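*Asks:* Below is upload03.csv; it holds CSV, N, CA and C atoms.
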```csv
chain,number,residue,atom,x,y,z
V,1,MET,N,2.6,-20.2,44.2
V,1,MET,CA,3.9,-19.7,43.9
V,1,MET,C,4.4,-20.4,42.6
V,2,PRO,N,4.8,-19.6,41.6
V,2,PRO,CA,5.3,-20.2,40.3
V,2,PRO,C,6.7,-20.7,40.5
V,3,ASP,N,7.0,-21.7,39.7
V,3,ASP,CA,8.3,-22.3,39.7
V,3,ASP,C,9.4,-21.3,39.2
V,4,LYS,N,10.6,-21.5,39.6
V,4,LYS,CA,11.7,-20.8,39.1
V,4,LYS,C,12.8,-21.8,38.8
V,5,ILE,N,13.8,-21.3,38.0
V,5,ILE,CA,14.9,-22.2,37.7
V,5,ILE,C,16.1,-21.6,38.5
V,6,TYR,N,16.6,-22.4,39.4
V,6,TYR,CA,17.7,-22.0,40.3
V,6,TYR,C,19.0,-22.5,39.8
V,7,SER,N,20.0,-21.7,39.8
V,7,SER,CA,21.4,-22.1,39.6
V,7,SER,C,22.0,-22.4,41.0
V,8,VAL,N,22.5,-23.6,41.2
V,8,VAL,CA,23.0,-23.9,42.5
V,8,VAL,C,24.4,-24.5,42.3
V,9,ARG,N,25.2,-24.4,43.4
V,9,ARG,CA,26.5,-25.0,43.4
V,9,ARG,C,26.6,-25.9,44.6
V,10,VAL,N,26.9,-27.1,44.4
V,10,VAL,CA,26.9,-28.1,45.5
V,10,VAL,C,28.4,-28.4,45.8
V,11,ALA,N,28.7,-28.3,47.1
V,11,ALA,CA,30.1,-28.5,47.6
V,11,ALA,C,30.1,-29.8,48.5
V,12,LYS,N,30.9,-30.7,48.1
V,12,LYS,CA,31.0,-32.0,48.9
V,12,LYS,C,32.2,-32.0,49.8
V,13,GLY,N,33.0,-30.9,49.8
V,13,GLY,CA,34.2,-30.9,50.6
V,13,GLY,C,35.4,-31.5,50.0
V,14,ASP,N,35.3,-31.9,48.7
V,14,ASP,CA,36.5,-32.5,48.0
V,14,ASP,C,37.2,-31.5,47.1
V,15,GLY,N,36.8,-30.2,47.2
V,15,GLY,CA,37.4,-29.2,46.3
V,15,GLY,C,36.9,-29.2,44.9
V,16,LYS,N,35.9,-30.0,44.6
V,16,LYS,CA,35.3,-30.1,43.2
V,16,LYS,C,33.8,-29.8,43.3
V,17,PRO,N,33.4,-28.5,43.4
V,17,PRO,CA,32.0,-28.2,43.4
V,17,PRO,C,31.3,-28.5,42.1
V,18,VAL,N,30.0,-28.8,42.2
V,18,VAL,CA,29.2,-29.2,41.0
V,18,VAL,C,28.2,-28.1,40.8
V,19,ASP,N,28.1,-27.5,39.6
V,19,ASP,CA,27.0,-26.5,39.3
V,19,ASP,C,25.9,-27.3,38.7
V,20,MET,N,24.7,-26.9,39.1
V,20,MET,CA,23.4,-27.5,38.6
V,20,MET,C,22.4,-26.5,38.4
V,21,THR,N,21.4,-26.8,37.5
V,21,THR,CA,20.2,-26.0,37.4
V,21,THR,C,19.0,-26.9,37.9
V,22,ILE,N,18.2,-26.3,38.7
V,22,ILE,CA,17.1,-27.0,39.3
V,22,ILE,C,15.8,-26.2,39.2
V,23,ARG,N,14.7,-26.8,38.9
V,23,ARG,CA,13.4,-26.2,38.8
V,23,ARG,C,12.7,-26.5,40.1
V,24,ALA,N,12.3,-25.4,40.8
V,24,ALA,CA,11.6,-25.5,42.1
V,24,ALA,C,10.8,-24.3,42.4
V,25,LYS,N,9.9,-24.4,43.4
V,25,LYS,CA,9.0,-23.3,43.8
V,25,LYS,C,9.7,-22.4,44.8
V,26,SER,N,10.7,-22.8,45.5
V,26,SER,CA,11.4,-22.0,46.5
V,26,SER,C,12.9,-22.4,46.5
V,27,GLY,N,13.7,-21.5,47.1
V,27,GLY,CA,15.1,-21.8,47.3
V,27,GLY,C,15.3,-23.0,48.2
V,28,VAL,N,14.5,-23.1,49.2
V,28,VAL,CA,14.6,-24.3,50.1
V,28,VAL,C,14.4,-25.6,49.4
V,29,GLN,N,13.4,-25.6,48.5
V,29,GLN,CA,13.1,-26.8,47.7
V,29,GLN,C,14.2,-27.1,46.8
V,30,ALA,N,14.8,-26.0,46.2
V,30,ALA,CA,15.9,-26.2,45.3
V,30,ALA,C,17.1,-26.8,46.0
V,31,GLN,N,17.4,-26.3,47.2
V,31,GLN,CA,18.5,-26.9,48.0
V,31,GLN,C,18.2,-28.3,48.4
V,32,ASP,N,17.0,-28.7,48.8
V,32,ASP,CA,16.6,-30.0,49.1
V,32,ASP,C,16.8,-31.0,47.9
V,33,GLU,N,16.4,-30.5,46.7
V,33,GLU,CA,16.5,-31.3,45.5
V,33,GLU,C,18.0,-31.5,45.1
V,34,ALA,N,18.8,-30.4,45.3
V,34,ALA,CA,20.2,-30.6,45.0
V,34,ALA,C,20.9,-31.6,46.0
V,35,ARG,N,20.5,-31.6,47.2
V,35,ARG,CA,21.0,-32.6,48.2
V,35,ARG,C,20.6,-34.0,47.8
V,36,ARG,N,19.3,-34.1,47.3
V,36,ARG,CA,18.8,-35.4,46.9
V,36,ARG,C,19.6,-35.9,45.7
V,37,GLN,N,19.9,-35.0,44.7
V,37,GLN,CA,20.6,-35.5,43.5
V,37,GLN,C,22.1,-35.7,43.8
V,38,GLN,N,22.7,-35.0,44.8
V,38,GLN,CA,24.1,-35.1,45.1
V,38,GLN,C,24.3,-35.6,46.5
V,39,PRO,N,24.2,-36.9,46.8
V,39,PRO,CA,24.4,-37.5,48.1
V,39,PRO,C,25.7,-37.1,48.6
V,40,GLY,N,25.8,-36.8,49.9
V,40,GLY,CA,27.1,-36.4,50.5
V,40,GLY,C,27.4,-34.9,50.4
V,41,ALA,N,26.4,-34.1,49.9
V,41,ALA,CA,26.6,-32.7,49.8
V,41,ALA,C,26.8,-32.0,51.2
V,42,ARG,N,27.8,-31.2,51.3
V,42,ARG,CA,27.9,-30.5,52.6
V,42,ARG,C,27.3,-29.1,52.6
V,43,LEU,N,27.4,-28.4,51.5
V,43,LEU,CA,26.9,-27.1,51.3
V,43,LEU,C,26.2,-27.0,49.9
V,44,VAL,N,25.1,-26.3,49.9
V,44,VAL,CA,24.4,-26.0,48.6
V,44,VAL,C,24.2,-24.5,48.6
V,45,TYR,N,24.9,-23.8,47.6
V,45,TYR,CA,24.8,-22.4,47.4
V,45,TYR,C,23.8,-22.1,46.3
V,46,ILE,N,22.9,-21.2,46.5
V,46,ILE,CA,22.0,-20.7,45.4
V,46,ILE,C,22.7,-19.5,44.7
V,47,LEU,N,23.1,-19.7,43.5
V,47,LEU,CA,23.8,-18.7,42.7
V,47,LEU,C,22.9,-17.6,42.1
V,48,GLY,N,21.6,-18.1,41.8
V,48,GLY,CA,20.7,-17.2,41.2
V,48,GLY,C,19.4,-17.9,40.8
V,49,ALA,N,18.4,-17.1,40.5
V,49,ALA,CA,17.1,-17.7,40.1
V,49,ALA,C,16.5,-16.8,39.0
V,50,GLN,N,15.7,-17.5,38.1
V,50,GLN,CA,15.0,-16.8,37.1
V,50,GLN,C,13.6,-17.5,37.0
V,51,PRO,N,12.6,-16.7,36.6
V,51,PRO,CA,11.3,-17.4,36.4
V,51,PRO,C,11.4,-18.5,35.4
V,52,ALA,N,10.7,-19.6,35.7
V,52,ALA,CA,10.7,-20.7,34.8
V,52,ALA,C,9.9,-20.4,33.6
V,53,PRO,N,10.3,-20.9,32.4
V,53,PRO,CA,9.5,-20.7,31.2
V,53,PRO,C,8.2,-21.5,31.4
V,54,HIS,N,7.2,-21.0,30.7
V,54,HIS,CA,5.8,-21.7,30.8
V,54,HIS,C,5.6,-22.7,29.8
V,55,VAL,N,6.7,-23.3,29.2
V,55,VAL,CA,6.6,-24.3,28.2
V,55,VAL,C,7.1,-25.6,28.8
V,56,PHE,N,6.3,-26.6,28.6
V,56,PHE,CA,6.6,-27.9,29.2
V,56,PHE,C,6.9,-28.9,28.1
V,57,PHE,N,7.8,-29.8,28.3
V,57,PHE,CA,8.2,-30.8,27.3
V,57,PHE,C,7.1,-31.9,27.2
V,58,THR,N,6.9,-32.3,26.0
V,58,THR,CA,6.1,-33.4,25.7
V,58,THR,C,6.9,-34.7,25.9
V,59,GLU,N,6.3,-35.8,26.0
V,59,GLU,CA,7.0,-37.1,26.1
V,59,GLU,C,7.8,-37.3,24.9
V,60,GLU,N,7.3,-36.9,23.7
V,60,GLU,CA,8.0,-37.1,22.5
V,60,GLU,C,9.3,-36.4,22.5
V,61,ILE,N,9.4,-35.2,22.9
V,61,ILE,CA,10.7,-34.4,23.0
V,61,ILE,C,11.6,-35.1,23.9
V,62,ASP,N,11.2,-35.5,25.1
V,62,ASP,CA,12.1,-36.1,26.1
V,62,ASP,C,12.7,-37.4,25.5
V,63,VAL,N,11.9,-38.2,24.9
V,63,VAL,CA,12.3,-39.5,24.3
V,63,VAL,C,13.3,-39.2,23.2
V,64,GLN,N,13.0,-38.2,22.3
V,64,GLN,CA,13.9,-37.9,21.2
V,64,GLN,C,15.3,-37.5,21.8
V,65,LEU,N,15.4,-36.6,22.8
V,65,LEU,CA,16.6,-36.2,23.3
V,65,LEU,C,17.4,-37.3,24.0
V,66,GLN,N,16.7,-38.2,24.7
V,66,GLN,CA,17.4,-39.3,25.4
V,66,GLN,C,18.0,-40.3,24.4
V,67,GLU,N,17.3,-40.5,23.3
V,67,GLU,CA,17.7,-41.5,22.3
V,67,GLU,C,18.9,-41.0,21.4
V,68,GLU,N,18.9,-39.6,21.2
V,68,GLU,CA,20.0,-39.1,20.4
V,68,GLU,C,21.3,-39.2,21.2
V,69,GLU,N,22.3,-39.5,20.5
V,69,GLU,CA,23.7,-39.5,21.1
V,69,GLU,C,24.2,-38.1,21.2
V,70,ILE,N,24.5,-37.6,22.4
V,70,ILE,CA,25.1,-36.3,22.5
V,70,ILE,C,26.6,-36.6,22.7
V,71,PRO,N,27.4,-36.3,21.6
V,71,PRO,CA,28.8,-36.7,21.6
V,71,PRO,C,29.7,-36.2,22.8
V,72,SER,N,29.4,-34.9,23.2
V,72,SER,CA,30.3,-34.3,24.2
V,72,SER,C,30.0,-34.7,25.6
V,73,CYS,N,28.9,-35.5,25.8
V,73,CYS,CA,28.6,-35.8,27.2
V,73,CYS,C,28.8,-37.3,27.5
V,74,GLU,N,28.5,-38.1,26.6
V,74,GLU,CA,28.6,-39.6,26.7
V,74,GLU,C,28.0,-40.1,28.0
V,75,GLY,N,26.7,-39.8,28.2
V,75,GLY,CA,25.9,-40.3,29.3
V,75,GLY,C,25.9,-39.4,30.5
V,76,ASP,N,26.4,-38.2,30.4
V,76,ASP,CA,26.3,-37.2,31.4
V,76,ASP,C,24.9,-36.6,31.6
V,77,VAL,N,24.2,-37.0,32.7
V,77,VAL,CA,22.8,-36.6,32.9
V,77,VAL,C,22.7,-35.1,33.0
V,78,GLN,N,23.7,-34.4,33.7
V,78,GLN,CA,23.6,-33.0,33.9
V,78,GLN,C,23.6,-32.3,32.5
V,79,HIS,N,24.5,-32.8,31.6
V,79,HIS,CA,24.5,-32.1,30.2
V,79,HIS,C,23.2,-32.3,29.5
V,80,LEU,N,22.6,-33.4,29.6
V,80,LEU,CA,21.3,-33.7,29.0
V,80,LEU,C,20.2,-32.7,29.6
V,81,GLU,N,20.3,-32.5,30.9
V,81,GLU,CA,19.4,-31.5,31.5
V,81,GLU,C,19.6,-30.1,31.0
V,82,GLN,N,20.9,-29.8,30.8
V,82,GLN,CA,21.2,-28.4,30.4
V,82,GLN,C,20.7,-28.2,28.9
V,83,VAL,N,20.8,-29.2,28.1
V,83,VAL,CA,20.2,-29.1,26.7
V,83,VAL,C,18.7,-29.0,26.8
V,84,LYS,N,18.1,-29.8,27.6
V,84,LYS,CA,16.6,-29.6,27.7
V,84,LYS,C,16.2,-28.2,28.2
V,85,THR,N,16.9,-27.7,29.2
V,85,THR,CA,16.6,-26.4,29.7
V,85,THR,C,16.8,-25.4,28.7
V,86,CYS,N,17.9,-25.5,27.9
V,86,CYS,CA,18.2,-24.6,26.8
V,86,CYS,C,17.1,-24.5,25.8
V,87,LEU,N,16.6,-25.7,25.4
V,87,LEU,CA,15.5,-25.8,24.4
V,87,LEU,C,14.3,-25.1,24.9
V,88,THR,N,13.9,-25.4,26.2
V,88,THR,CA,12.7,-24.9,26.8
V,88,THR,C,12.8,-23.4,26.9
V,89,MET,N,13.9,-22.9,27.3
V,89,MET,CA,14.0,-21.4,27.5
V,89,MET,C,13.9,-20.7,26.1
V,90,ARG,N,14.6,-21.3,25.1
V,90,ARG,CA,14.5,-20.7,23.8
V,90,ARG,C,13.1,-20.7,23.2
V,91,ARG,N,12.4,-21.8,23.4
V,91,ARG,CA,11.0,-21.8,22.9
V,91,ARG,C,10.1,-20.8,23.7
V,92,SER,N,10.5,-20.4,24.9
V,92,SER,CA,9.7,-19.5,25.6
V,92,SER,C,10.1,-18.0,25.3
V,93,GLY,N,11.1,-17.9,24.4
V,93,GLY,CA,11.5,-16.5,23.9
V,93,GLY,C,12.7,-16.0,24.6
V,94,GLN,N,13.4,-16.7,25.4
V,94,GLN,CA,14.7,-16.2,26.0
V,94,GLN,C,15.8,-16.1,25.0
V,95,SER,N,16.6,-15.1,25.2
V,95,SER,CA,17.8,-14.8,24.3
V,95,SER,C,18.9,-15.9,24.6
V,96,HIS,N,19.8,-16.0,23.6
V,96,HIS,CA,20.9,-16.9,23.7
V,96,HIS,C,21.8,-16.4,24.9
V,97,ALA,N,21.9,-15.1,25.1
V,97,ALA,CA,22.7,-14.6,26.2
V,97,ALA,C,22.1,-15.0,27.6
V,98,ALA,N,20.8,-14.8,27.7
V,98,ALA,CA,20.1,-15.2,29.0
V,98,ALA,C,20.3,-16.6,29.3
V,99,ILE,N,20.1,-17.5,28.2
V,99,ILE,CA,20.2,-18.9,28.4
V,99,ILE,C,21.7,-19.3,28.8
V,100,ALA,N,22.6,-18.7,28.1
V,100,ALA,CA,24.1,-19.0,28.4
V,100,ALA,C,24.4,-18.6,29.9
V,101,ASP,N,23.9,-17.4,30.3
V,101,ASP,CA,24.2,-16.9,31.6
V,101,ASP,C,23.6,-17.8,32.7
V,102,LEU,N,22.4,-18.3,32.5
V,102,LEU,CA,21.8,-19.2,33.5
V,102,LEU,C,22.5,-20.6,33.5
V,103,LEU,N,22.8,-21.1,32.4
V,103,LEU,CA,23.4,-22.4,32.3
V,103,LEU,C,24.9,-22.4,32.5
V,104,LYS,N,25.5,-21.2,32.6
V,104,LYS,CA,27.0,-21.1,32.8
V,104,LYS,C,27.7,-21.7,31.7
V,105,VAL,N,27.3,-21.5,30.4
V,105,VAL,CA,28.0,-21.9,29.2
V,105,VAL,C,28.1,-20.7,28.3
V,106,SER,N,28.9,-20.9,27.2
V,106,SER,CA,29.1,-19.7,26.3
V,106,SER,C,27.9,-19.6,25.4
V,107,LYS,N,27.7,-18.4,24.8
V,107,LYS,CA,26.6,-18.2,23.8
V,107,LYS,C,26.8,-19.1,22.6
V,108,SER,N,28.0,-19.4,22.2
V,108,SER,CA,28.2,-20.3,21.1
V,108,SER,C,27.8,-21.7,21.4
V,109,THR,N,27.9,-22.2,22.6
V,109,THR,CA,27.5,-23.5,23.0
V,109,THR,C,25.9,-23.5,22.9
V,110,VAL,N,25.3,-22.5,23.4
V,110,VAL,CA,23.8,-22.4,23.3
V,110,VAL,C,23.4,-22.5,21.8
V,111,GLY,N,24.1,-21.7,21.0
V,111,GLY,CA,23.8,-21.8,19.6
V,111,GLY,C,23.9,-23.1,18.9
V,112,ARG,N,25.0,-23.8,19.3
V,112,ARG,CA,25.3,-25.2,18.8
V,112,ARG,C,24.2,-26.1,19.3
V,113,TRP,N,23.8,-26.1,20.6
V,113,TRP,CA,22.8,-27.0,21.1
V,113,TRP,C,21.5,-26.7,20.3
V,114,LEU,N,21.1,-25.5,20.1
V,114,LEU,CA,19.9,-25.2,19.4
V,114,LEU,C,19.9,-25.6,18.0
V,115,LYS,N,21.1,-25.5,17.4
V,115,LYS,CA,21.2,-26.0,16.0
V,115,LYS,C,21.1,-27.5,15.9
V,116,GLN,N,21.8,-28.2,16.9
V,116,GLN,CA,21.8,-29.7,16.9
V,116,GLN,C,20.5,-30.3,17.3
V,117,TYR,N,19.9,-29.8,18.4
V,117,TYR,CA,18.7,-30.5,19.0
V,117,TYR,C,17.4,-29.7,18.9
V,118,GLY,N,17.5,-28.5,18.4
V,118,GLY,CA,16.2,-27.6,18.4
V,118,GLY,C,15.6,-27.7,17.1
```
Let me see the file written as structure tokens.
*Replies:*
Amino acid sequence: MPDKIYSVRVAKGDGKPVDMTIRAKSGVQAQDEARRQQPGARLVYILGAQPAPHVFFTEEIDVQLQEEEIPSCEGDVQHLEQVKTCLTMRRSGQSHAAIADLLKVSKSTVGRWLKQYG
């Protein structure tokens, strides 16, 4: 079974749900990974899924993104993952609109990330 990119929402019961994107083979695996990344999660909702792009990051790209300072996130790991997913999807031919829809950001944000980091 090929991987998919799942959009999930994790609720901890504090009224502040967290939206995430997770690459997994099934919805159950996506929920398990969300619970692993967000200890104390009460509910994990799957909001949608798309086929994962068939492009994989090289170590060089990962290191470059981690070393660059991303001003708007200041150490926010979820933001870094969104930028990586954005770059991967664009390199596999996805449109700005499709990327923005999956990552739950605006098309202009996708364009800015691609300009800055792509």
*Asks:* Here's a test: counting only C-alpha atoms, identify every protein, DNA and RNA residue with an atom at most 12 Å from (12.8, -21.7, 23.5) in the file's coordinate frame, and state them as a PyMOL selection string.
*Replies:* chain V and resi 52-57+83-96+98-99+110-111+113-114+117-118
*Asks:* Which residue, V:Gln29, V:Thr109, V:Ile46, V:Ile5, has the smallest gap to V:Ala97 when you use only C-alpha atoms?
*Replies:*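 Once distances to V:Ala97 are computed over only C-alpha atoms, the minimum belongs to V:Thr109.
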*Asks:* Mind giving me the straight-line distance from atom CA of V:Val44 to atom C of V:Lys107 in Å, one decimal?
*Replies:*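 Computed distance, atom CA of V:Val44 to atom C of V:Lys107, equals 27.0 Å.
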*Asks:* Neighbourhood query: residues within 7 Å of (11.7, -16.8, 42.8), file coordinates, counting only C-alpha atoms; return as a PyMOL selection string.
*Replies:* chain V and resi 4+26+49-51
*Asks:* Mind giving me the straight-line distance from atom CA of V:Leu102 to atom CA of V:His79 in Å, one decimal?
*Replies:*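 Separating atom CA of V:Leu102 from atom CA of V:His79 is a distance of 13.6 Å.
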*Asks:* Have a look at atom N of V:Asp101 and atom N of V:Arg36 and let me know their distance in Å, one decimal.
*Replies:*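 According to the coordinates, atom N of V:Asp101 and atom N of V:Arg36 are separated by 24.3 Å.
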*Asks:* List the neighbours of stretch 11-17 of chain V out to 6.5 Å using only N, CA and C atoms; skip same-chain residues closer than 6 positions along the sequence, and give me the result as an NGL selection string.
*Replies:* :V and (40-45)
*Asks:* Skipping near chain neighbours, those fewer than 6 positions away, what residues fall within 9 Å of V:Ala34 using only C-alpha atoms, listed as a list in words?
*Replies:*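 Counting only the stated atoms, we get Val8, Arg9, Val10, Met20, Thr21, Ile22, Ala41 and Val44 of chain V.
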